[in-house]
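**Student:** The structure is given below, and queries will be raised subsequently.
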Amino acid sequence: MSRTRTTSRTALLAALGLITATGATATVFGTATAGAAAPGCKVDYQVTNQWSTGFGANVTVTNTGDPVAAWTLEWSYAGNQQVTQGWNATITQSGAAVTAKNVSYNGALATGGSTSFGFNGSYSGTNAVPATFKLNGVTCNGATPPTTPPTTPPTTPPTTPPPAGTKADNPYAGAKVYVNPEWSANAAAEPGGTKISNQPTGIWLDRIAAVNGSATSMGLRAHLDEALKQKGSGELVVQLVVYNLPGRDCAALASNGELGPTEIGRYKTEYIDPIAAILADAKYAGLRIVTTVEIDSLPNLVTNVSGRPTATANCDVMKANGNYITGVGYALKKLGAIGNVYNYVDAGHHGWLGWDDNFGPSAELFKQAATAEGSTVSNVHGFIVNTANYSALKEENFTINDSVNGTTVRQSKWIDWNRYTDELSYAQAMRAKLISIGFDSNLGMLIDTSRNGWGGTQRPTGPGALTSVDTYVNGGRYDRRINPGNWCNQAGAGLGERPQASPAAGIDAYVWMKPPGESDGASKEIPNDEGKGFDRMCDPTYTGNVRNGNSMSGSLGDAPLAGKWFSAQFQELLKNAHPAL
């Protein structure tokens, strides 16, 4: 199925005779009649996008009467519109009549307070906006008109609808990428940091609070508003990391999350639904929004469950309850329904999934998740590898086909029978495998190169000695980790290739999805309210476990919690950047 889809962002509003640049809208005011409980309201119903058989809509309800603890909004369609999927409200339909009720977190509306919800629907023929709404049983029909009618007529709407938008095969092609001002400021404050502080990085939505932001941190809307300022007249990509599954990161305590293993309902209604509602706002329709969906989750269900020496009890729980599969499928369906969103699913890295017994089963699991919860593979624009990891982009001093004294390099301790030596070869092979099992033939891959440069004085300039396969591989490999299973705040790591579009066959972009200088996890236990635990793999004194060949962890000391600024790591990355700064 082609990834190119033409989407009209306007609608024919026969009932209102109104066409706007952002879609069909109807605003209805109302107050209660005399003697009623005064649940006055203003309803703004906006068709955010529309195509031949379907549409998306956003509805904002503003309470202009007395405060209410809960709300129910009702309307009826004049045509055959059918609501197929909703968020931030519980929506039911009987014939032409639609009822939307608040969910747990948006029921209370003070006087002047408002809330929004959205939905997707189907239709044929015309798609007229409803003319009448009821809030808690009282019609919002303008029964009490303003005492003085307006003397200035409304602005004449444009007579020509805007051109239809086309979804790009590669969202990065011909586009700028959003620079996060918060990360940029942290980077610029570091010695030498201005050399990279203008680079685009991912925005990590790693807890519910990150969606709304706070007095000290930007929320999703604030980032998107800033992106509109950066966009100018060209195209601009915004990179989001969707990362808050229940029972998150079952094999690594440092990035555990706020939701317990069974809290899939909260994941849907308090996390994914609000994200989808914001992204569906017509205000942001001109942005190309790239999502990296739930890093590290699905591969854990292959490699870290019973039957494997690397098994953990937490991963067994998540495999049994199915909430990783459910959550990823739900996220893909909700976000994939938005015309300017490009979903990229996390596909681990070569040092995790490159072995035969991991590679194929992981690809099959990715497809299972992509088709869960009513989603389809068409909701997956591509996959991303090496997210927040350190695997080298290209190992140029040896290949997987080399041998030393008749012994294949696959027998070296570093490669350990893996079929891949680096991320580029792994990404291209995984892409081919995914296409072969039913994903789109134009599937695009992303590679996170934020911390895999491995430059500096330790970077080899040629192959290792031919004494043995181990001296050959170890002497020539760029990746200087003690073991490819080491993942936390690695000593000696450097910035990798700068973000760029279309760098190699099948690769949509090299990206810095993990912001350089943000910690992978704390090197000692630090109490926190984010659900993040202490993982010994972040402790430089740790002697390892089966997942890293019982090797030293190779991590930097004095590290803060995952996601917090880590100056020592940032300086390490600058010093060892390749290409050099």
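Scheme for the structure tokens: letters A, B, ... for chains in order shown; per-chain residue numbers from 1; ligand numbers from 1 in order shown.
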Based on the backbone DSSP call, show me all residues of segment 242-361 of chain A assigned alpha helix (DSSP H), as a short mmCIF file (atom, residue, chain, number, x, y, z; two decimals) with C-alpha atoms, in the first residue's frame.
**Tutor:**
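Saved result, result.cif, follows:
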data_model
loop_
_atom_site.label_atom_id
_atom_site.label_comp_id
_atom_site.auth_asym_id
_atom_site.auth_seq_id
_atom_site.Cartn_x
_atom_site.Cartn_y
_atom_site.Cartn_z
CA ILE A 264 -3.59 0.07 30.30
CA GLY A 265 -6.79 2.10 30.75
CA ARG A 266 -4.86 5.06 32.14
CA ASP A 273 -5.82 10.22 24.01
CA PRO A 274 -4.64 13.68 25.16
CA ILE A 275 -1.60 13.47 22.87
CA ALA A 276 -3.83 12.54 19.93
CA ALA A 277 -6.24 15.38 20.70
CA ILE A 278 -3.43 17.93 20.65
CA LEU A 279 -1.82 16.57 17.49
CA SER A 297 9.10 -2.51 24.89
CA LEU A 298 8.37 -5.13 22.24
CA PRO A 299 11.88 -6.64 21.97
CA ASN A 300 11.75 -7.38 25.71
CA LEU A 301 8.89 -9.79 25.00
CA VAL A 302 11.23 -11.79 22.78
CA THR A 303 14.55 -11.75 24.61
CA ALA A 313 9.81 -11.76 36.10
CA ASN A 314 8.54 -8.33 35.06
CA CYS A 315 8.83 -9.16 31.36
CA ASP A 316 6.97 -12.43 31.92
CA VAL A 317 4.15 -10.39 33.47
CA MET A 318 3.99 -8.03 30.50
CA LYS A 319 4.02 -10.88 28.00
CA ALA A 320 1.22 -12.64 29.87
CA ASN A 321 -1.07 -9.62 30.22
CA ASN A 323 -0.46 -4.74 27.59
CA TYR A 324 2.67 -3.92 25.59
CA ILE A 325 0.98 -5.26 22.46
CA THR A 326 -2.32 -3.59 23.33
CA GLY A 327 -0.70 -0.26 24.16
CA VAL A 328 1.43 -0.07 21.03
CA GLY A 329 -1.50 -1.06 18.80
CA TYR A 330 -3.74 1.53 20.42
CA ALA A 331 -1.11 4.26 20.09
CA LEU A 332 -0.50 3.44 16.43
CA LYS A 333 -4.20 3.49 15.59
CA LYS A 334 -4.95 6.74 17.41
CA LEU A 335 -1.89 8.62 16.17
CA GLY A 336 -1.90 7.06 12.71
CA HIS A 350 21.84 -4.90 16.24
CA GLY A 351 23.50 -5.77 19.57
CA TRP A 352 20.11 -6.85 20.91
CA LEU A 353 18.12 -8.33 18.03
CA ASP A 356 18.77 -15.37 14.34
CA ASP A 357 16.58 -16.38 17.29
CA ASN A 358 15.82 -12.70 18.05
CA PHE A 359 15.64 -11.13 14.60
CA GLY A 360 12.73 -13.01 12.97
CA PRO A 361 10.58 -13.35 16.11
#
**Student:** Which residues come within 12 Å of Ile437 of chain A, counting only C-alpha atoms, excluding same-chain residues fewer than 2 positions away, as a PyMOL selection string?
**Tutor:** chain A and resi 360-368+377+430-435+439-441
**Student:** Write out as an NGL selection string the residues lying within 10 Å of Val238 of chain A, counting only C-alpha atoms and excluding same-chain residues fewer than 5 positions away.
**Tutor:** :A and (171-172 or 176-180 or 200-203 or 223-224 or 227-228 or 231 or 287-291 or 341)
**Student:** Just to be explicit: take each residue in the selection above, keep C-alpha atoms, and write the result as a compact mmCIF listing (two decimals), in the first residue's frame.
**Tutor:**
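The result, stored in selection.txt:
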# COMPACT_ATOMS: atom_id res chain seq x y z
CA PRO A 171 8.90 13.40 6.13
CA TYR A 172 12.50 14.56 6.55
CA LYS A 176 13.89 21.53 8.64
CA VAL A 177 13.67 19.71 11.99
CA TYR A 178 12.52 21.31 15.24
CA VAL A 179 15.16 22.51 17.68
CA ASN A 180 13.96 22.06 21.26
CA PRO A 200 17.30 19.04 16.36
CA THR A 201 16.55 16.46 19.06
CA GLY A 202 13.57 14.40 20.19
CA ILE A 203 10.96 15.56 22.71
CA HIS A 223 6.56 22.76 21.72
CA LEU A 224 4.18 22.68 18.77
CA ALA A 227 7.61 24.73 16.08
CA LEU A 228 5.15 26.89 14.15
CA LYS A 231 8.67 26.60 10.52
CA LEU A 287 3.73 20.37 10.73
CA ARG A 288 5.21 16.97 9.96
CA ILE A 289 5.01 15.14 13.29
CA VAL A 290 7.27 12.11 13.69
CA THR A 291 6.54 9.79 16.60
CA VAL A 341 1.61 12.14 11.91
**Student:** Using backbone DSSP assignments, extract all strand (DSSP E) residues from segment 270-429 of chain A; output them as a VMD selection string.
**Tutor:** chain A and resid 288 to 293 341 to 346 382 to 385 403 to 404 407 to 408
**Student:** Generate the output file for the selected residues, C-alpha atoms, as a CSV table (one decimal), in the first residue's frame.
**Tutor:**
chain,number,residue,atom,x,y,z
A,288,ARG,CA,5.2,17.0,10.0
A,289,ILE,CA,5.0,15.1,13.3
A,290,VAL,CA,7.3,12.1,13.7
A,291,THR,CA,6.5,9.8,16.6
A,292,THR,CA,9.0,7.2,18.0
A,293,VAL,CA,6.6,4.7,19.5
A,341,VAL,CA,1.6,12.1,11.9
A,342,TYR,CA,4.3,9.7,10.9
A,343,ASN,CA,4.7,6.7,13.3
A,344,TYR,CA,8.1,5.0,13.6
A,345,VAL,CA,8.1,1.9,15.9
A,346,ASP,CA,11.2,1.1,17.9
A,382,GLY,CA,8.7,3.2,9.5
A,383,PHE,CA,10.9,1.9,12.2
A,384,ILE,CA,13.8,3.4,14.3
A,385,VAL,CA,16.9,1.6,15.5
A,403,SER,CA,37.7,-14.9,8.8
A,404,VAL,CA,41.1,-15.1,10.5
A,407,THR,CA,37.8,-19.0,11.8
A,408,THR,CA,34.9,-16.7,11.1
**Student:** Quick one: distance from atom CA of Gly476 of chain A to atom CA of Phe398 of chain A in Å, one decimal?
**Tutor:**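 Computed distance, atom CA of Gly476 of chain A to atom CA of Phe398 of chain A, equals 7.1 Å.
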**Student:** Would you mind listing, for every residue of segment 247-287 of chain A within 8 Å of segment 98-122 of chain A, the two atoms forming the shortest contact and the distance between them in Å to one decimal, using only C-alpha atoms, sorted by chain and ascending residue number, as CSV?
**Tutor:**
residue,atom,partner,partner_atom,distance
A:Thr269,CA,A:Val103,CA,8.0
A:Glu270,CA,A:Tyr105,CA,7.7
A:Ala277,CA,A:Gly118,CA,5.9
A:Ala280,CA,A:Gly118,CA,7.9
**Student:** Keeping only C-alpha atoms, write the selected residues to a file as an mmCIF file, in the first residue's frame.
**Tutor:**
data_model
loop_
_atom_site.group_PDB
_atom_site.id
_atom_site.type_symbol
_atom_site.label_atom_id
_atom_site.label_comp_id
_atom_site.auth_asym_id
_atom_site.auth_seq_id
_atom_site.Cartn_x
_atom_site.Cartn_y
_atom_site.Cartn_z
ATOM 1 C CA THR A 269 -7.295 7.764 28.350
ATOM 2 C CA GLU A 270 -4.782 9.870 30.287
ATOM 3 C CA ALA A 277 -6.244 15.378 20.695
ATOM 4 C CA ALA A 280 -5.196 16.562 15.713
#
**Student:** Near segment 456-463 of chain A, within 10 Å and counting only C-alpha atoms, which residues show up once chain neighbours fewer than 3 positions away are dropped, as a ChimeraX atom specification?
**Tutor:** /A:396-398,453,466,471-480,492-494,572-580
**Student:** For C-alpha atoms, I'd like the residues from the last selection saved as an mmCIF file, in the first residue's frame.
**Tutor:**
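What follows is the written file part-v9.cif:
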data_model
loop_
_atom_site.group_PDB
_atom_site.id
_atom_site.type_symbol
_atom_site.label_atom_id
_atom_site.label_comp_id
_atom_site.auth_asym_id
_atom_site.auth_seq_id
_atom_site.Cartn_x
_atom_site.Cartn_y
_atom_site.Cartn_z
ATOM 1 C CA GLU A 396 34.503 -0.248 8.420
ATOM 2 C CA ASN A 397 37.520 -2.300 9.562
ATOM 3 C CA PHE A 398 35.891 -5.731 9.363
ATOM 4 C CA GLY A 453 30.303 8.350 16.996
ATOM 5 C CA LEU A 466 45.449 -11.052 12.639
ATOM 6 C CA THR A 471 42.410 -9.378 18.251
ATOM 7 C CA TYR A 472 41.193 -8.652 14.727
ATOM 8 C CA VAL A 473 37.715 -7.501 15.783
ATOM 9 C CA ASN A 474 38.664 -5.799 19.053
ATOM 10 C CA GLY A 475 41.555 -3.937 17.485
ATOM 11 C CA GLY A 476 39.455 -2.609 14.622
ATOM 12 C CA ARG A 477 36.016 -1.947 16.078
ATOM 13 C CA TYR A 478 34.875 1.669 16.530
ATOM 14 C CA ASP A 479 32.379 0.762 19.250
ATOM 15 C CA ARG A 480 34.619 0.758 22.338
ATOM 16 C CA GLY A 492 34.166 7.033 25.875
ATOM 17 C CA ALA A 493 31.073 7.555 23.726
ATOM 18 C CA GLY A 494 30.896 10.449 21.277
ATOM 19 C CA GLU A 572 32.380 13.212 26.958
ATOM 20 C CA LEU A 573 30.220 13.249 23.846
ATOM 21 C CA LEU A 574 31.738 16.516 22.611
ATOM 22 C CA LYS A 575 35.287 15.278 23.166
ATOM 23 C CA ASN A 576 34.727 11.994 21.313
ATOM 24 C CA ALA A 577 32.495 13.220 18.496
ATOM 25 C CA HIS A 578 32.909 11.616 15.092
ATOM 26 C CA PRO A 579 32.848 13.355 12.715
ATOM 27 C CA ALA A 580 34.801 15.691 14.967
#
**Student:** What is the distance between atom CA of Gln46 of chain A and atom CA of Val61 of chain A, in Å to one decimal?
**Tutor:**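 Going from atom CA of Gln46 of chain A over to atom CA of Val61 of chain A, I get 11.5 Å.
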**Student:** What's the separation between atom CA of Asp558 of chain A and atom CA of Pro540 of chain A, in Å to one decimal place?
**Tutor:**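 Spanning atom CA of Asp558 of chain A to atom CA of Pro540 of chain A is a straight-line distance of 9.2 Å.
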**Student:** Of the candidates A:Leu556, A:Cys41, A:Val241, A:Ala89, which shows the shortest atom-to-atom distance to Val138 of chain A, using only C-alpha atoms?
**Tutor:**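 Closest candidate: A:Cys41.
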**Student:** Tell me which protein, DNA and RNA residues are within 10 Å of Gly193 of chain A, counting only C-alpha atoms, leaving out same-chain ones fewer than 4 positions away, and put them as a list in words.
**Tutor:**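 My reading of the contact set: Ser184, Ala185, Asn186, Ala187, Ala188, Ala189, Ser197, Asn198, Phe570, Gln571 and Leu574 of chain A.
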**Student:** Take the residues that were just selected and, keeping all heavy atoms, output them as an mmCIF file, in the first residue's frame.
**Tutor:**
data_model
loop_
_atom_site.group_PDB
_atom_site.id
_atom_site.type_symbol
_atom_site.label_atom_id
_atom_site.label_comp_id
_atom_site.auth_asym_id
_atom_site.auth_seq_id
_atom_site.Cartn_x
_atom_site.Cartn_y
_atom_site.Cartn_z
ATOM 1 N N SER A 184 18.363 23.029 23.783
ATOM 2 C CA SER A 184 19.328 23.940 23.175
ATOM 3 C C SER A 184 19.962 24.849 24.221
ATOM 4 O O SER A 184 21.176 25.109 24.193
ATOM 5 C CB SER A 184 18.645 24.767 22.087
ATOM 6 O OG SER A 184 19.555 25.630 21.451
ATOM 7 N N ALA A 185 19.146 25.330 25.166
ATOM 8 C CA ALA A 185 19.674 26.207 26.214
ATOM 9 C C ALA A 185 20.641 25.458 27.124
ATOM 10 O O ALA A 185 21.691 25.990 27.510
ATOM 11 C CB ALA A 185 18.522 26.792 27.029
ATOM 12 N N ASN A 186 20.309 24.199 27.466
ATOM 13 C CA ASN A 186 21.220 23.399 28.290
ATOM 14 C C ASN A 186 22.540 23.156 27.573
ATOM 15 O O ASN A 186 23.616 23.251 28.165
ATOM 16 C CB ASN A 186 20.573 22.057 28.641
ATOM 17 C CG ASN A 186 19.510 22.177 29.708
ATOM 18 O OD1 ASN A 186 19.554 23.071 30.550
ATOM 19 N ND2 ASN A 186 18.545 21.277 29.685
ATOM 20 N N ALA A 187 22.448 22.836 26.278
ATOM 21 C CA ALA A 187 23.654 22.572 25.504
ATOM 22 C C ALA A 187 24.514 23.827 25.373
ATOM 23 O O ALA A 187 25.739 23.787 25.532
ATOM 24 C CB ALA A 187 23.286 22.034 24.128
ATOM 25 N N ALA A 188 23.876 24.960 25.086
ATOM 26 C CA ALA A 188 24.613 26.207 24.874
ATOM 27 C C ALA A 188 25.300 26.677 26.147
ATOM 28 O O ALA A 188 26.313 27.389 26.087
ATOM 29 C CB ALA A 188 23.675 27.279 24.352
ATOM 30 N N ALA A 189 24.765 26.287 27.310
ATOM 31 C CA ALA A 189 25.364 26.702 28.580
ATOM 32 C C ALA A 189 26.624 25.918 28.921
ATOM 33 O O ALA A 189 27.364 26.294 29.832
ATOM 34 C CB ALA A 189 24.332 26.550 29.703
ATOM 35 N N SER A 197 24.335 23.225 19.722
ATOM 36 C CA SER A 197 23.079 23.590 20.378
ATOM 37 C C SER A 197 21.960 23.921 19.394
ATOM 38 O O SER A 197 20.804 24.064 19.805
ATOM 39 C CB SER A 197 23.298 24.769 21.324
ATOM 40 O OG SER A 197 23.811 25.889 20.633
ATOM 41 N N ASN A 198 22.280 24.044 18.104
ATOM 42 C CA ASN A 198 21.241 24.300 17.099
ATOM 43 C C ASN A 198 20.790 23.023 16.413
ATOM 44 O O ASN A 198 20.064 23.073 15.421
ATOM 45 C CB ASN A 198 21.747 25.289 16.043
ATOM 46 C CG ASN A 198 22.910 24.737 15.232
ATOM 47 O OD1 ASN A 198 23.583 23.790 15.675
ATOM 48 N ND2 ASN A 198 23.162 25.301 14.065
ATOM 49 N N PHE A 570 27.731 14.998 28.608
ATOM 50 C CA PHE A 570 27.739 15.921 27.470
ATOM 51 C C PHE A 570 29.171 16.249 27.051
ATOM 52 O O PHE A 570 29.497 16.238 25.854
ATOM 53 C CB PHE A 570 26.988 17.200 27.844
ATOM 54 C CG PHE A 570 26.801 18.159 26.698
ATOM 55 C CD1 PHE A 570 25.760 17.995 25.798
ATOM 56 C CD2 PHE A 570 27.675 19.220 26.512
ATOM 57 C CE1 PHE A 570 25.589 18.869 24.732
ATOM 58 C CE2 PHE A 570 27.504 20.102 25.444
ATOM 59 C CZ PHE A 570 26.459 19.929 24.558
ATOM 60 N N GLN A 571 30.034 16.504 28.014
ATOM 61 C CA GLN A 571 31.424 16.827 27.695
ATOM 62 C C GLN A 571 32.144 15.627 27.073
ATOM 63 O O GLN A 571 32.968 15.783 26.168
ATOM 64 C CB GLN A 571 32.158 17.302 28.951
ATOM 65 C CG GLN A 571 31.693 18.661 29.453
ATOM 66 C CD GLN A 571 31.915 19.762 28.427
ATOM 67 O OE1 GLN A 571 32.906 19.786 27.696
ATOM 68 N NE2 GLN A 571 30.948 20.683 28.327
ATOM 69 N N LEU A 574 31.057 15.497 23.416
ATOM 70 C CA LEU A 574 31.738 16.516 22.611
ATOM 71 C C LEU A 574 33.162 16.092 22.293
ATOM 72 O O LEU A 574 33.637 16.199 21.151
ATOM 73 C CB LEU A 574 31.758 17.852 23.353
ATOM 74 C CG LEU A 574 30.456 18.634 23.530
ATOM 75 C CD1 LEU A 574 30.732 19.926 24.288
ATOM 76 C CD2 LEU A 574 29.802 18.950 22.196
#
**Student:** My list of candidates is A:Gly438, A:Gly549, A:Pro527, A:Gly517. Which is closest to Pro309 of chain A when distances are computed with only C-alpha atoms?
**Tutor:**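 Of all the options, A:Gly549 lies closest to Pro309 of chain A.
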